[in-house]
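Structure data (mmCIF, C-alpha atoms) from final-v9.cif:
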```
data_final
#
loop_
_atom_site.group_PDB
_atom_site.id
_atom_site.type_symbol
_atom_site.label_atom_id
_atom_site.label_comp_id
_atom_site.auth_asym_id
_atom_site.auth_seq_id
_atom_site.Cartn_x
_atom_site.Cartn_y
_atom_site.Cartn_z
ATOM 1 C CA MET A 1 49.743 -38.158 -48.601
ATOM 2 C CA LYS A 2 46.002 -38.863 -48.690
ATOM 3 C CA THR A 3 44.439 -40.916 -45.919
ATOM 4 C CA ILE A 4 41.043 -42.323 -45.063
ATOM 5 C CA PHE A 5 41.341 -40.494 -41.730
ATOM 6 C CA ASN A 6 41.254 -37.049 -43.395
ATOM 7 C CA ALA A 7 37.677 -35.759 -43.789
ATOM 8 C CA SER A 8 38.027 -34.470 -47.364
ATOM 9 C CA ASP A 9 39.978 -37.546 -48.534
ATOM 10 C CA TYR A 10 37.314 -39.799 -46.988
ATOM 11 C CA ALA A 11 34.497 -37.768 -48.580
ATOM 12 C CA GLY A 12 36.166 -38.037 -51.990
ATOM 13 C CA ILE A 13 36.354 -41.829 -51.771
ATOM 14 C CA GLU A 14 32.754 -42.031 -50.541
ATOM 15 C CA GLU A 15 31.585 -39.846 -53.445
ATOM 16 C CA ARG A 16 33.418 -42.041 -55.966
ATOM 17 C CA ILE A 17 31.895 -45.220 -54.487
ATOM 18 C CA ASN A 18 28.450 -43.647 -54.795
ATOM 19 C CA ARG A 19 29.083 -43.093 -58.530
ATOM 20 C CA LEU A 20 29.448 -46.852 -59.097
ATOM 21 C CA THR A 21 26.524 -48.809 -60.535
ATOM 22 C CA PRO A 22 25.866 -52.555 -60.706
ATOM 23 C CA SER A 23 26.910 -52.404 -64.372
ATOM 24 C CA SER A 24 30.132 -50.389 -63.922
ATOM 25 C CA PRO A 25 32.655 -52.179 -66.155
ATOM 26 C CA ALA A 26 36.136 -53.115 -64.999
ATOM 27 C CA LEU A 27 38.924 -51.532 -67.016
ATOM 28 C CA TRP A 28 41.258 -54.336 -65.875
ATOM 29 C CA GLY A 29 41.229 -57.371 -63.603
ATOM 30 C CA LYS A 30 38.907 -60.294 -63.017
ATOM 31 C CA MET A 31 36.459 -58.961 -60.406
ATOM 32 C CA ASN A 32 33.123 -57.402 -61.215
ATOM 33 C CA VAL A 33 32.076 -54.276 -59.330
ATOM 34 C CA ALA A 34 30.225 -56.114 -56.526
ATOM 35 C CA GLN A 35 33.190 -58.442 -55.977
ATOM 36 C CA MET A 36 35.514 -55.439 -55.841
ATOM 37 C CA LEU A 37 33.356 -53.839 -53.150
ATOM 38 C CA ALA A 38 33.466 -57.076 -51.136
ATOM 39 C CA HIS A 39 37.242 -57.244 -51.610
ATOM 40 C CA CYS A 40 37.651 -53.684 -50.317
ATOM 41 C CA SER A 41 35.428 -54.451 -47.318
ATOM 42 C CA ALA A 42 37.671 -57.380 -46.412
ATOM 43 C CA THR A 43 40.734 -55.151 -46.384
ATOM 44 C CA VAL A 44 38.981 -52.565 -44.193
ATOM 45 C CA GLU A 45 38.132 -55.367 -41.772
ATOM 46 C CA MET A 46 41.876 -56.105 -41.628
ATOM 47 C CA ALA A 47 42.690 -52.416 -40.987
ATOM 48 C CA LEU A 48 40.123 -52.401 -38.173
ATOM 49 C CA GLY A 49 41.530 -55.586 -36.656
ATOM 50 C CA ASP A 50 38.308 -57.551 -37.230
ATOM 51 C CA VAL A 51 40.292 -59.942 -39.440
ATOM 52 C CA VAL A 52 43.871 -60.855 -38.604
ATOM 53 C CA LEU A 53 46.001 -62.594 -41.209
ATOM 54 C CA LYS A 54 49.018 -64.681 -40.364
ATOM 55 C CA ARG A 55 52.285 -63.224 -41.566
ATOM 56 C CA LEU A 56 53.303 -64.863 -44.817
ATOM 57 C CA PHE A 57 56.784 -66.364 -44.920
ATOM 58 C CA ILE A 58 57.518 -64.651 -48.226
ATOM 59 C CA GLY A 59 56.292 -61.375 -46.733
ATOM 60 C CA ARG A 60 58.725 -61.698 -43.854
ATOM 61 C CA ILE A 61 61.525 -61.978 -46.400
ATOM 62 C CA ILE A 62 60.640 -59.461 -49.105
ATOM 63 C CA GLY A 63 57.894 -57.408 -47.418
ATOM 64 C CA PRO A 64 60.353 -55.002 -45.777
ATOM 65 C CA LEU A 65 62.138 -54.528 -49.104
ATOM 66 C CA VAL A 66 59.010 -53.372 -50.959
ATOM 67 C CA LYS A 67 57.190 -51.712 -48.049
ATOM 68 C CA LYS A 68 58.622 -48.253 -48.823
ATOM 69 C CA LYS A 69 57.283 -48.371 -52.390
ATOM 70 C CA PHE A 70 53.935 -49.698 -51.117
ATOM 71 C CA LEU A 71 53.713 -46.732 -48.756
ATOM 72 C CA GLY A 72 54.922 -44.160 -51.299
ATOM 73 C CA GLU A 73 52.955 -41.556 -53.230
ATOM 74 C CA GLU A 74 52.777 -43.604 -56.438
ATOM 75 C CA PRO A 75 49.388 -45.289 -57.028
ATOM 76 C CA PHE A 76 49.198 -49.075 -56.873
ATOM 77 C CA LYS A 77 49.859 -50.737 -60.208
ATOM 78 C CA GLN A 78 47.536 -53.125 -62.024
ATOM 79 C CA GLY A 79 48.145 -56.814 -61.464
ATOM 80 C CA ASN A 80 49.601 -56.683 -57.957
ATOM 81 C CA PRO A 81 49.098 -59.990 -56.124
ATOM 82 C CA THR A 82 46.164 -60.338 -53.722
ATOM 83 C CA ALA A 83 46.083 -62.388 -50.542
ATOM 84 C CA ARG A 84 44.017 -65.539 -51.003
ATOM 85 C CA GLU A 85 41.733 -64.405 -48.172
ATOM 86 C CA PHE A 86 40.819 -61.286 -50.157
ATOM 87 C CA THR A 87 40.217 -62.952 -53.520
ATOM 88 C CA ILE A 88 36.472 -62.754 -54.211
ATOM 89 C CA THR A 89 35.167 -65.020 -56.976
ATOM 90 C CA ASP A 90 31.606 -65.837 -55.926
ATOM 91 C CA PRO A 91 28.585 -63.761 -56.999
ATOM 92 C CA ARG A 92 27.812 -60.788 -54.750
ATOM 93 C CA ASP A 93 24.902 -58.374 -54.413
ATOM 94 C CA PHE A 94 26.017 -54.886 -55.450
ATOM 95 C CA GLU A 95 23.818 -52.845 -53.091
ATOM 96 C CA LYS A 96 24.544 -55.067 -50.112
ATOM 97 C CA GLU A 97 28.302 -54.908 -50.718
ATOM 98 C CA LYS A 98 28.212 -51.164 -51.323
ATOM 99 C CA GLN A 99 26.385 -50.507 -48.053
ATOM 100 C CA ARG A 100 28.684 -52.890 -46.181
ATOM 101 C CA LEU A 101 31.782 -51.113 -47.509
ATOM 102 C CA LEU A 102 30.423 -47.640 -46.763
ATOM 103 C CA GLY A 103 29.609 -48.728 -43.192
ATOM 104 C CA LEU A 104 33.058 -50.214 -42.613
ATOM 105 C CA MET A 105 34.746 -47.156 -44.139
ATOM 106 C CA LYS A 106 32.742 -44.862 -41.881
ATOM 107 C CA ARG A 107 33.694 -46.932 -38.850
ATOM 108 C CA LEU A 108 37.390 -46.772 -39.785
ATOM 109 C CA HIS A 109 37.254 -43.050 -40.562
ATOM 110 C CA GLU A 110 35.377 -42.134 -37.391
ATOM 111 C CA GLY A 111 37.635 -44.317 -35.240
ATOM 112 C CA GLY A 112 40.605 -42.374 -36.546
ATOM 113 C CA GLU A 113 44.151 -43.533 -36.129
ATOM 114 C CA ALA A 114 43.337 -44.791 -32.627
ATOM 115 C CA GLY A 115 40.907 -47.282 -34.177
ATOM 116 C CA ALA A 116 43.432 -48.806 -36.592
ATOM 117 C CA THR A 117 44.633 -52.303 -35.840
ATOM 118 C CA LYS A 118 47.819 -52.944 -33.912
ATOM 119 C CA HIS A 119 48.246 -56.266 -35.758
ATOM 120 C CA PRO A 120 50.864 -56.416 -38.501
ATOM 121 C CA HIS A 121 49.923 -56.477 -42.162
ATOM 122 C CA GLY A 122 50.064 -60.060 -43.464
ATOM 123 C CA PHE A 123 52.727 -59.226 -46.029
ATOM 124 C CA PHE A 124 54.384 -55.943 -45.048
ATOM 125 C CA GLY A 125 54.480 -56.434 -41.294
ATOM 126 C CA PRO A 126 53.968 -53.643 -38.775
ATOM 127 C CA LEU A 127 52.259 -50.486 -40.002
ATOM 128 C CA THR A 128 51.644 -47.338 -37.998
ATOM 129 C CA PRO A 129 48.035 -46.163 -37.683
ATOM 130 C CA ALA A 130 48.858 -43.366 -40.140
ATOM 131 C CA GLN A 131 50.197 -45.931 -42.619
ATOM 132 C CA TRP A 132 47.013 -48.001 -42.296
ATOM 133 C CA GLY A 133 44.988 -44.895 -43.205
ATOM 134 C CA GLN A 134 47.199 -44.111 -46.173
ATOM 135 C CA THR A 135 47.224 -47.650 -47.541
ATOM 136 C CA GLN A 136 43.449 -47.927 -47.237
ATOM 137 C CA TRP A 137 43.028 -44.704 -49.227
ATOM 138 C CA LYS A 138 45.476 -45.940 -51.880
ATOM 139 C CA HIS A 139 43.687 -49.301 -52.064
ATOM 140 C CA PHE A 140 40.288 -47.643 -52.539
ATOM 141 C CA ASP A 141 41.734 -45.298 -55.157
ATOM 142 C CA HIS A 142 43.288 -48.236 -57.024
ATOM 143 C CA HIS A 143 40.016 -50.148 -57.270
ATOM 144 C CA LEU A 144 37.896 -47.101 -58.020
ATOM 145 C CA ARG A 145 40.250 -46.296 -60.911
ATOM 146 C CA GLN A 146 39.801 -49.941 -61.959
ATOM 147 C CA PHE A 147 36.100 -49.130 -62.433
ATOM 148 C CA GLY A 148 36.585 -45.700 -63.966
ATOM 149 C CA VAL A 149 35.520 -43.510 -61.054
#
```
Represent the structure from my file as structure tokens, please.
Amino acid sequence: MKTIFNASDYAGIEERINRLTPSSPALWGKMNVAQMLAHCSATVEMALGDVVLKRLFIGRIIGPLVKKKFLGEEPFKQGNPTAREFTITDPRDFEKEKQRLLGLMKRLHEGGEAGATKHPHGFFGPLTPAQWGQTQWKHFDHHLRQFGV
């Protein structure tokens, strides 16, 4: 499975981000490209442990039931729910958000599995460092497909 901790997987995501432009259209969803970049940065901050979300009650109940599918090979589907903390609706500057995301991604990649948070995911609960790397790659892939790259 691909992971942000693997050099070639990381380079592929970085290359796709660099193909985005301020006018890249969304193929689905409500966010524009700059908002999507900000959204992805917020999730990297969670993977790094810079942001810690409280466990959601509903996540404690159904999170373990859907965690296996979340961690599987299948790409994320369109329309999956997003944590309120990661919903970006305000205007954002494309270049600023792009550089912020690339910096956070580099920090996560270079820190390797040892740099992944020990805090549980807000919905799915505990993840191993390897699982954090895999879910970050899948999340980037999902949103880059959303913008056609």
Exercise for the section: Measuring atom to atom with only C-alpha atoms, identify which of A:Ile88, A:Ile61, A:Leu108, A:Leu20 is nearest to Met36 (chain A). Expected result: A:Ile88
Practice task
Let me know the residues the PyMOL selection byres ((chain A and resi 3) around 9) catches in the file above, as a list in words.
Solution key: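 With the shown file as input, the PyMOL selection byres ((chain A and resi 3) around 9) matches Met1, Lys2, Ile4, Phe5, Asn6, Ala7, Asp9, Tyr10, Ala130, Gln131, Trp132, Gly133, Gln134, Thr135, Gln136, Trp137 and Lys138 of chain A.
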Exercise for the section: Could you tell me which of A:Gly49, A:Asp141, A:Phe147, A:Ala38 comes closest to Gly12 (chain A) if we count all atoms listed in the file? Expected result: A:Asp141
Exercise for the section: Give the answer as one residue: which of A:Asn18, A:Gln99, A:Thr128, A:Gln78 has the shortest atom-to-atom distance to His143 (chain A), using all atoms listed in the file? Expected result: A:Gln78
Exercise for the section: Would you mind reading off the distance between CA of Ala83 (chain A) and CA of Lys54 (chain A), one decimal, in Å? Expected result: 10.8 Å
Practice task
Find the residues with any atom within 10 Å of (28.3, -53.6, -56.3); use all atoms listed in the file and the coordinates as given in the file, and write the answer as JSON, numbers by chain.
Solution key: {"A": [17, 20, 21, 22, 23, 24, 32, 33, 34, 35, 36, 37, 38, 92, 93, 94, 95, 96, 97, 98, 99, 101]}
Practice task
Figure out the distance between CA of Pro91 (chain A) and CA of Phe70 (chain A), please, to one decimal in Å.
Solution key: 29.6 Å
Practice task
Return the single residue from A:Leu104, A:Ile13, A:Leu65, A:Leu71 that is closest to Phe140 (chain A), with distances computed using all atoms listed in the file.
Solution key: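 For Phe140 (chain A), the nearest of the given residues is A:Ile13.
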Handout entry: Selected residue, from A:Gly79, A:Phe86, A:Ala114, A:Ala47, that lies nearest to Gln146 (chain A) when counting only C-alpha atoms
Key =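 For Gln146 (chain A), the nearest of the candidates is A:Gly79.
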Practice task
Report the distance between CA of Gly125 (chain A) and CA of Lys67 (chain A) in Å, rounded to one decimal place.
Solution key: 8.7 Å
Handout entry: Among the residues A:Arg16, A:His139, A:His119, A:Arg107, the one that comes closest to Val51 (chain A) [using only C-alpha atoms]
Key = A:His119
Problem - Contact residues around Leu56 (chain A) with all atoms listed in the file at 7 Å, ignoring same-chain residues under 4 positions, as a ChimeraX atom specification - result: /A:60,122-123
Around all of region 83-99 of chain A's listed atoms, make the axis-aligned box with 4 Å on each side and tell me centre and edge lengths in Å to one decimal, as JSON.
```
{"center_x": 35.0, "center_y": -58.2, "center_z": -52.5, "size_x": 30.3, "size_y": 23.3, "size_z": 16.9}
```
Selecting all heavy atoms, how would region 5-17 of chain A from this structure be written as a compact mmCIF listing (two decimals), in the first residue's frame?
```txt
# COMPACT_ATOMS: atom_id res chain seq x y z
N PHE A 5 5.41 8.03 3.59
CA PHE A 5 6.76 7.80 4.09
C PHE A 5 7.68 7.16 3.06
O PHE A 5 8.89 7.14 3.23
CB PHE A 5 6.71 6.94 5.37
CG PHE A 5 5.95 7.58 6.49
CD1 PHE A 5 5.00 6.87 7.19
CD2 PHE A 5 6.18 8.90 6.86
CE1 PHE A 5 4.28 7.46 8.23
CE2 PHE A 5 5.48 9.50 7.89
CZ PHE A 5 4.52 8.78 8.57
N ASN A 6 7.13 6.65 1.96
CA ASN A 6 7.92 6.07 0.89
C ASN A 6 8.35 7.20 -0.05
O ASN A 6 7.52 8.01 -0.47
CB ASN A 6 7.09 5.02 0.15
CG ASN A 6 7.80 4.48 -1.06
OD1 ASN A 6 7.84 5.12 -2.11
ND2 ASN A 6 8.36 3.29 -0.93
N ALA A 7 9.63 7.23 -0.41
CA ALA A 7 10.17 8.34 -1.21
C ALA A 7 9.46 8.50 -2.56
O ALA A 7 9.13 9.63 -2.95
CB ALA A 7 11.67 8.16 -1.42
N SER A 8 9.23 7.43 -3.28
CA SER A 8 8.59 7.57 -4.60
C SER A 8 7.11 7.92 -4.47
O SER A 8 6.59 8.70 -5.28
CB SER A 8 8.79 6.32 -5.46
OG SER A 8 8.18 5.21 -4.87
N ASP A 9 6.43 7.39 -3.46
CA ASP A 9 5.02 7.75 -3.24
C ASP A 9 4.90 9.22 -2.87
O ASP A 9 4.02 9.93 -3.37
CB ASP A 9 4.40 6.89 -2.14
CG ASP A 9 4.36 5.40 -2.48
OD1 ASP A 9 4.50 5.04 -3.67
OD2 ASP A 9 4.19 4.60 -1.54
N TYR A 10 5.79 9.69 -2.02
CA TYR A 10 5.82 11.10 -1.61
C TYR A 10 6.08 11.99 -2.84
O TYR A 10 5.39 12.98 -3.06
CB TYR A 10 6.90 11.30 -0.55
CG TYR A 10 7.27 12.73 -0.27
CD1 TYR A 10 6.45 13.54 0.51
CD2 TYR A 10 8.43 13.27 -0.79
CE1 TYR A 10 6.79 14.86 0.76
CE2 TYR A 10 8.78 14.58 -0.54
CZ TYR A 10 7.96 15.38 0.24
OH TYR A 10 8.30 16.68 0.49
N ALA A 11 7.08 11.61 -3.63
CA ALA A 11 7.43 12.41 -4.82
C ALA A 11 6.26 12.49 -5.80
O ALA A 11 6.04 13.53 -6.42
CB ALA A 11 8.67 11.83 -5.50
N GLY A 12 5.52 11.40 -5.94
CA GLY A 12 4.36 11.41 -6.83
C GLY A 12 3.29 12.38 -6.37
O GLY A 12 2.70 13.10 -7.19
N ILE A 13 3.03 12.41 -5.07
CA ILE A 13 2.03 13.35 -4.53
C ILE A 13 2.52 14.78 -4.70
O ILE A 13 1.77 15.66 -5.14
CB ILE A 13 1.73 13.03 -3.05
CG1 ILE A 13 1.02 11.68 -2.91
CG2 ILE A 13 0.94 14.16 -2.39
CD1 ILE A 13 -0.37 11.61 -3.50
N GLU A 14 3.79 15.01 -4.40
CA GLU A 14 4.36 16.36 -4.55
C GLU A 14 4.25 16.84 -6.00
O GLU A 14 3.86 17.98 -6.26
CB GLU A 14 5.82 16.34 -4.09
CG GLU A 14 6.49 17.69 -4.11
CD GLU A 14 7.92 17.61 -3.62
OE1 GLU A 14 8.67 16.70 -4.06
OE2 GLU A 14 8.29 18.46 -2.80
N GLU A 15 4.55 15.96 -6.95
CA GLU A 15 4.48 16.31 -8.37
C GLU A 15 3.05 16.66 -8.76
O GLU A 15 2.80 17.62 -9.49
CB GLU A 15 5.02 15.14 -9.19
CG GLU A 15 5.11 15.42 -10.69
CD GLU A 15 3.82 15.08 -11.44
OE1 GLU A 15 3.11 14.14 -11.04
OE2 GLU A 15 3.51 15.79 -12.41
N ARG A 16 2.08 15.91 -8.26
CA ARG A 16 0.68 16.18 -8.58
C ARG A 16 0.23 17.51 -7.98
O ARG A 16 -0.50 18.27 -8.63
CB ARG A 16 -0.19 15.03 -8.09
CG ARG A 16 -0.01 13.76 -8.92
CD ARG A 16 -0.61 12.53 -8.27
NE ARG A 16 -2.05 12.59 -8.20
CZ ARG A 16 -2.77 11.71 -7.48
NH1 ARG A 16 -2.20 10.74 -6.79
NH2 ARG A 16 -4.10 11.82 -7.47
N ILE A 17 0.66 17.81 -6.77
CA ILE A 17 0.32 19.11 -6.15
C ILE A 17 0.89 20.24 -6.99
O ILE A 17 0.23 21.26 -7.22
CB ILE A 17 0.83 19.17 -4.70
CG1 ILE A 17 -0.02 18.24 -3.82
CG2 ILE A 17 0.79 20.61 -4.16
CD1 ILE A 17 0.51 18.03 -2.42
```
